[in-house]
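Structure below is entry.txt: compact mmCIF, C-alpha atoms.
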# COMPACT_ATOMS: atom_id res chain seq x y z
CA MET A 865 13.95 22.77 2.15
CA ASN A 866 10.55 23.56 0.66
CA ALA A 867 8.64 20.36 -0.10
CA GLU A 868 7.81 21.55 -3.63
CA SER A 869 11.51 21.92 -4.48
CA LEU A 870 12.50 18.36 -3.63
CA SER A 871 13.86 16.24 -6.46
CA ALA A 872 12.40 12.82 -7.24
CA TYR A 873 15.28 11.04 -5.51
CA GLU A 874 15.05 13.29 -2.47
CA ARG A 875 11.44 12.19 -2.18
CA VAL A 876 12.58 8.56 -2.43
CA GLN A 877 14.92 9.21 0.48
CA LYS A 878 12.15 10.85 2.51
CA ALA A 879 9.83 7.92 1.75
CA ARG A 880 12.47 5.59 3.23
CA GLU A 881 13.08 7.52 6.46
CA THR A 882 12.67 5.31 9.51
CA LYS A 883 11.08 8.19 11.42
CA ARG A 884 8.07 8.22 9.07
CA ALA A 885 4.81 7.04 10.57
CA GLY A 886 4.22 3.30 10.26
CA ILE A 887 1.03 1.30 10.03
CA TYR A 888 0.42 1.16 13.79
CA ASP A 889 0.78 4.94 14.00
CA TYR A 890 -1.97 5.33 11.40
CA ILE A 891 -4.17 2.70 13.02
CA GLU A 892 -3.89 4.46 16.39
CA ALA A 893 -4.66 7.87 14.89
CA LEU A 894 -7.47 6.87 12.53
CA PHE A 895 -9.42 4.17 14.35
CA ASP A 896 -11.27 4.11 17.64
CA ASP A 897 -10.52 0.42 18.18
CA PHE A 898 -8.48 -2.26 16.41
CA MET A 899 -8.41 -6.05 16.61
CA GLU A 900 -5.51 -7.73 14.81
CA PHE A 901 -5.63 -11.09 13.07
CA HIS A 902 -2.69 -13.39 12.40
CA GLY A 903 -1.72 -16.17 10.01
CA ASP A 904 -2.64 -17.38 6.55
CA ARG A 905 -4.38 -20.54 7.81
CA LEU A 906 -1.89 -22.58 5.75
CA TYR A 907 1.65 -22.18 7.04
CA ARG A 908 2.57 -19.26 9.34
CA ASP A 909 2.07 -15.62 10.23
CA ASP A 910 4.14 -13.10 8.29
CA PRO A 911 4.72 -10.11 10.61
CA SER A 912 5.55 -7.79 7.70
CA ILE A 913 1.80 -7.60 7.01
CA VAL A 914 -0.53 -6.22 9.66
CA GLY A 915 -4.23 -6.96 9.26
CA GLY A 916 -7.38 -6.67 11.31
CA ILE A 917 -10.59 -4.76 11.95
CA GLY A 918 -10.71 -1.14 13.01
CA VAL A 919 -13.65 1.11 13.87
CA LEU A 920 -13.80 4.37 11.90
CA ASP A 921 -16.51 6.76 13.08
CA GLY A 922 -18.61 3.78 14.17
CA MET A 923 -17.98 1.85 10.92
CA PRO A 924 -16.02 -1.44 10.98
CA VAL A 925 -13.21 -1.39 8.40
CA THR A 926 -10.77 -4.14 7.42
CA VAL A 927 -7.26 -2.69 7.59
CA ILE A 928 -4.28 -4.33 5.87
CA GLY A 929 -0.79 -2.92 5.40
CA HIS A 930 2.97 -3.35 5.36
CA ARG A 931 5.16 -2.99 8.43
CA LYS A 932 8.85 -2.09 8.09
CA GLY A 933 9.96 -1.42 11.66
CA LYS A 934 11.37 1.66 13.37
CA ASP A 935 14.91 0.48 14.14
CA THR A 936 17.37 -2.16 12.98
CA GLY A 937 16.04 -4.83 15.32
CA GLU A 938 12.44 -4.32 14.21
CA GLN A 939 13.43 -4.08 10.55
CA ILE A 940 15.14 -7.46 10.75
CA LYS A 941 12.14 -8.93 12.57
CA TYR A 942 9.73 -7.60 9.92
CA ASN A 943 12.11 -8.29 7.00
CA PHE A 944 12.30 -4.57 6.16
CA GLY A 945 8.68 -4.67 4.99
CA MET A 946 9.42 -7.26 2.30
CA THR A 947 6.45 -9.61 2.42
CA SER A 948 6.50 -13.38 1.93
CA PRO A 949 3.67 -15.44 0.37
CA GLU A 950 2.14 -16.05 3.80
CA GLY A 951 1.61 -12.30 4.23
CA TYR A 952 -0.25 -11.94 0.95
CA ARG A 953 -2.32 -15.01 1.73
CA LYS A 954 -3.19 -13.43 5.08
CA ALA A 955 -4.30 -10.32 3.20
CA ILE A 956 -6.49 -12.40 0.89
CA ARG A 957 -8.04 -14.15 3.89
CA LEU A 958 -8.92 -10.82 5.48
CA MET A 959 -10.34 -9.43 2.23
CA GLU A 960 -12.57 -12.48 1.86
CA GLN A 961 -13.72 -12.00 5.44
CA ALA A 962 -14.48 -8.34 4.65
CA GLU A 963 -16.65 -9.44 1.73
CA ARG A 964 -18.64 -11.85 3.90
CA PHE A 965 -19.44 -9.14 6.41
CA ASN A 966 -19.72 -6.29 3.88
CA ARG A 967 -16.87 -4.29 5.42
CA PRO A 968 -14.89 -1.74 3.37
CA VAL A 969 -11.15 -2.35 3.03
CA LEU A 970 -8.30 0.08 3.67
CA THR A 971 -4.77 -0.85 2.60
CA LEU A 972 -1.63 1.02 3.65
CA VAL A 973 1.36 0.47 1.36
CA ASP A 974 4.98 0.90 2.43
CA THR A 975 7.34 -1.70 1.01
CA PRO A 976 10.59 -1.84 -0.99
CA GLY A 977 9.06 -4.86 -2.73
CA ALA A 978 8.03 -8.44 -2.06
CA TYR A 979 10.66 -10.72 -0.52
CA PRO A 980 12.71 -12.29 -3.37
CA GLY A 981 14.32 -15.12 -1.40
CA ILE A 982 14.43 -18.76 -2.44
CA GLU A 983 12.06 -19.81 0.36
CA ALA A 984 9.47 -17.24 -0.72
CA GLU A 985 9.68 -18.36 -4.33
CA SER A 986 9.38 -22.03 -3.38
CA ASN A 987 6.36 -21.22 -1.20
CA GLY A 988 4.49 -19.61 -4.08
CA GLN A 989 5.38 -15.90 -4.05
CA SER A 990 4.18 -15.13 -7.58
CA ASN A 991 0.94 -17.03 -7.01
CA ALA A 992 0.29 -15.24 -3.72
CA ILE A 993 0.89 -11.79 -5.24
CA SER A 994 -1.25 -12.48 -8.31
CA GLY A 995 -3.95 -13.94 -6.07
CA CYS A 996 -3.97 -10.78 -3.97
CA ILE A 997 -4.23 -8.57 -7.06
CA ALA A 998 -7.07 -10.72 -8.43
CA LYS A 999 -8.89 -10.56 -5.09
CA MET A 1000 -8.69 -6.77 -5.00
CA CYS A 1001 -9.86 -6.53 -8.63
CA ASN A 1002 -12.99 -8.52 -7.80
CA LEU A 1003 -13.56 -7.39 -4.22
CA LYS A 1004 -17.31 -6.92 -3.68
CA THR A 1005 -16.86 -4.18 -1.12
CA PRO A 1006 -15.38 -0.64 -1.34
CA SER A 1007 -11.60 -0.31 -1.09
CA ILE A 1008 -9.16 2.55 -0.57
CA CYS A 1009 -5.37 2.35 -0.74
CA ILE A 1010 -2.99 4.91 0.77
CA ILE A 1011 0.67 4.76 -0.24
CA THR A 1012 2.40 6.13 2.85
CA GLY A 1013 6.08 5.53 2.03
CA GLU A 1014 7.66 3.30 -0.59
CA GLY A 1015 5.45 1.47 -3.03
CA ASN A 1016 7.69 -0.70 -5.15
CA SER A 1017 6.97 -3.51 -7.57
CA GLY A 1018 4.33 -6.23 -7.31
CA GLY A 1019 4.80 -6.24 -3.56
CA ALA A 1020 3.06 -2.86 -3.48
CA LEU A 1021 0.61 -3.47 -6.33
CA ALA A 1022 -0.72 -6.53 -4.49
CA LEU A 1023 -2.39 -4.17 -1.98
CA ALA A 1024 -3.03 -1.21 -4.27
CA VAL A 1025 -5.72 -2.27 -6.76
CA ALA A 1026 -8.37 -0.24 -4.98
CA ASP A 1027 -11.34 1.94 -5.90
CA ARG A 1028 -9.38 4.97 -4.71
CA VAL A 1029 -5.60 5.29 -4.49
CA TRP A 1030 -4.09 8.14 -2.47
CA MET A 1031 -0.45 9.05 -1.84
CA LEU A 1032 1.31 11.14 0.75
CA GLU A 1033 3.23 13.95 -0.93
CA ASN A 1034 6.63 12.41 -0.13
CA ALA A 1035 5.65 8.81 -0.93
CA VAL A 1036 6.81 7.07 -4.11
CA TYR A 1037 5.20 4.38 -6.26
CA SER A 1038 6.98 2.54 -9.06
CA ILE A 1039 7.74 -0.75 -10.80
CA LEU A 1040 11.00 -1.12 -8.84
CA SER A 1041 13.50 0.93 -6.87
CA PRO A 1042 15.59 3.60 -8.62
CA GLU A 1043 18.69 1.56 -7.73
CA GLY A 1044 17.21 -1.48 -9.46
CA PHE A 1045 16.17 0.60 -12.46
CA ALA A 1046 19.69 2.08 -12.79
CA SER A 1047 21.30 -1.33 -12.41
CA ILE A 1048 19.19 -2.74 -15.23
CA LEU A 1049 19.38 0.24 -17.59
CA TRP A 1050 22.99 1.39 -17.07
CA LYS A 1051 24.51 -1.46 -15.03
CA ASP A 1052 25.30 1.22 -12.44
CA ALA A 1053 23.22 1.60 -9.25
CA SER A 1054 25.01 4.86 -8.46
CA LYS A 1055 22.87 6.53 -11.15
CA SER A 1056 19.76 6.03 -9.00
CA ALA A 1057 19.09 9.77 -8.71
CA LEU A 1058 19.00 10.06 -12.51
CA ALA A 1059 16.78 6.99 -12.67
CA ALA A 1060 14.32 8.42 -10.14
CA GLY A 1061 13.92 11.53 -12.27
CA LEU A 1062 13.01 9.42 -15.30
CA MET A 1063 10.64 7.02 -13.56
CA ARG A 1064 7.83 9.50 -12.72
CA LEU A 1065 7.42 7.90 -9.32
CA THR A 1066 6.43 10.92 -7.24
CA ALA A 1067 2.90 11.59 -6.06
CA ASP A 1068 2.54 14.66 -8.30
CA ASP A 1069 3.75 12.76 -11.37
CA LEU A 1070 1.41 9.86 -10.73
CA LYS A 1071 -1.54 12.18 -10.09
CA ASN A 1072 -0.86 14.00 -13.37
CA ASP A 1073 -0.57 10.67 -15.21
CA GLY A 1074 -3.87 9.41 -13.81
CA PHE A 1075 -2.53 6.54 -11.70
CA ILE A 1076 -3.62 7.96 -8.34
CA ASP A 1077 -6.54 10.10 -7.24
CA THR A 1078 -5.31 12.31 -4.44
CA VAL A 1079 -2.02 13.73 -3.12
CA ILE A 1080 -2.15 14.23 0.64
CA LYS A 1081 -0.03 17.01 2.11
CA GLU A 1082 2.22 15.95 4.97
CA ASP A 1083 1.56 18.54 7.64
CA ASP A 1084 0.57 18.64 11.31
CA LYS A 1085 -3.03 17.77 10.43
CA LEU A 1086 -2.15 14.78 8.25
CA THR A 1087 -4.01 12.03 10.10
CA GLU A 1088 -6.97 14.30 10.86
CA HIS A 1089 -7.27 15.04 7.16
CA ILE A 1090 -6.95 11.37 6.20
CA ARG A 1091 -9.62 10.40 8.72
CA LYS A 1092 -12.08 12.93 7.29
CA LEU A 1093 -11.32 11.81 3.74
CA LEU A 1094 -11.82 8.14 4.63
CA ILE A 1095 -15.16 8.74 6.33
CA SER A 1096 -16.44 10.77 3.37
CA GLU A 1097 -15.10 8.47 0.65
CA PHE A 1098 -16.22 5.21 2.26
CA HIS A 1099 -19.68 6.73 2.69
CA ASP A 1100 -19.82 7.68 -0.99
CA LEU A 1101 -18.45 4.33 -2.21
CA GLY A 1102 -20.86 2.49 0.07
CA ASN A 1103 -23.77 4.04 -1.81
CA ILE A 1104 -22.68 2.45 -5.11
CA ARG A 1105 -24.26 -0.88 -6.02
CA THR A 1106 -21.79 -3.78 -6.05
CA GLU A 1107 -22.16 -4.43 -9.78
CA GLU A 1108 -21.51 -0.78 -10.58
CA LEU A 1109 -18.58 -0.64 -8.15
CA LEU A 1110 -16.91 -3.57 -9.93
CA LYS A 1111 -17.55 -2.02 -13.35
CA LYS A 1112 -16.03 1.30 -12.28
CA ARG A 1113 -12.99 -0.44 -10.80
CA TYR A 1114 -12.49 -2.46 -13.99
CA ALA A 1115 -12.77 0.64 -16.16
CA ARG A 1116 -10.33 2.49 -13.92
CA TYR A 1117 -7.55 -0.05 -14.34
CA ARG A 1118 -8.21 -0.71 -18.01
CA LYS A 1119 -7.64 3.01 -18.52
CA VAL A 1120 -4.21 3.16 -16.87
CA MET A 1121 -2.76 -0.28 -17.65

Is it possible to give me this structure as structure tokens?
Amino acid sequence: MNAESLSAYERVQKARETKRAGIYDYIEALFDDFMEFHGDRLYRDDPSIVGGIGVLDGMPVTVIGHRKGKDTGEQIKYNFGMTSPEGYRKAIRLMEQAERFNRPVLTLVDTPGAYPGIEAESNGQSNAISGCIAKMCNLKTPSICIITGEGNSGGALALAVADRVWMLENAVYSILSPEGFASILWKDASKSALAAGLMRLTADDLKNDGFIDTVIKEDDKLTEHIRKLLISEFHDLGNIRTEELLKKRYARYRKVM
């Protein structure tokens, strides 16, 4: 089927495919070297968030993103990409480190949403997510977000308040899943395909509505294209004074929110 003819819900299904590239696939393809960091320095390490330092064309970059897993065993281990407070606190720690060393930040988003369990809530889930959003809003170094698969709810937004937001053509980005939307609106999750069509969650919709900057075609040269874009964009953003960068970021999100 031609990519342009896919419905919104068909794109949701493609965004959820386990065969899609995950964060380690992108790290291996985009960076010459990568050193991973673990833990939030408070409680534990959440494996659903990967974070560390990669080298992009000789430039150190802080990389942070969701990990879902490639099979059932991995998905259980990584909680299907649903992040707990410790994961968002790890992300904040790495962003603060990036500020200290003046490193740009790349985030890769692929999550059905933050983990909604009792333990996560009791450990400060809402505080961790809002803290991550606040950190990205005020980050004194350039940031780029790429939504590579699902980008649902605050669990995605926590890593997506960047200077530039890009999406793969079959990725989706929304306030919640179509199933959740249908359950709330019609009390019927089976109407998820109808919900997806109403939610304007596809890359093209979001580009037209001004929420993202670039739609990246998913072809054989995908990672090569992303690498070239990152090098060019980080170079351009790096030439903007910090005060101006923060003003532009503020204006960007005041415009769309």

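Closest approach to A:Tyr1114 from the set A:Met1000, A:Ile1076, A:Leu1058, A:Leu1093 is made by A:Met1000, with distances taken over all atoms listed in the file.
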
Considering all atoms listed in the file, can you say which of A:Asn991, A:Ile1010, A:Arg875, A:Ser1041 comes closest to A:Thr1078?
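Among A:Asn991, A:Ile1010, A:Arg875, A:Ser1041, it is A:Ile1010 that comes nearest to A:Thr1078.
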
Give me, as a PyMOL selection string, all polymer residues having an atom no more than 10 Å from stretch 891-894 of chain A, counting only C-alpha atoms and skipping those fewer than 3 positions away in the same chain.
chain A and resi 886-888+897-898+917-921+927+972+1086-1092+1094

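Nearest residue to A:Leu970 among A:Ser994, A:Ser1007, A:Ser871, A:Gln877 is A:Ser1007, counting all atoms listed in the file.
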
Give me the residues near A:Lys954 as a list in words, where near means some atom within 9 Å (using all atoms listed in the file) and where sequence neighbours in that chain fewer than 6 positions away do not count.
Phe901, His902, Gly903, Asp904, Arg905, Asp909, Asp910, Ile913, Val914 and Gly915 of chain A

Which one of A:Thr1005, A:Thr947, A:Ser986, A:Thr926 sits closest to A:Leu1109 if you count all atoms listed in the file?
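When distances to A:Leu1109 are compared using all atoms listed in the file, the smallest one comes from A:Thr1005.
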
Minimum-distance residue to A:Ala1026, chosen among A:Lys1085, A:Arg1113, A:His1099, A:Arg957 (using all atoms listed in the file):
A:Arg1113

What's the separation between atom CA of A:Met1063 and atom CA of A:Lys878, in Å to one decimal place?
16.6 Å
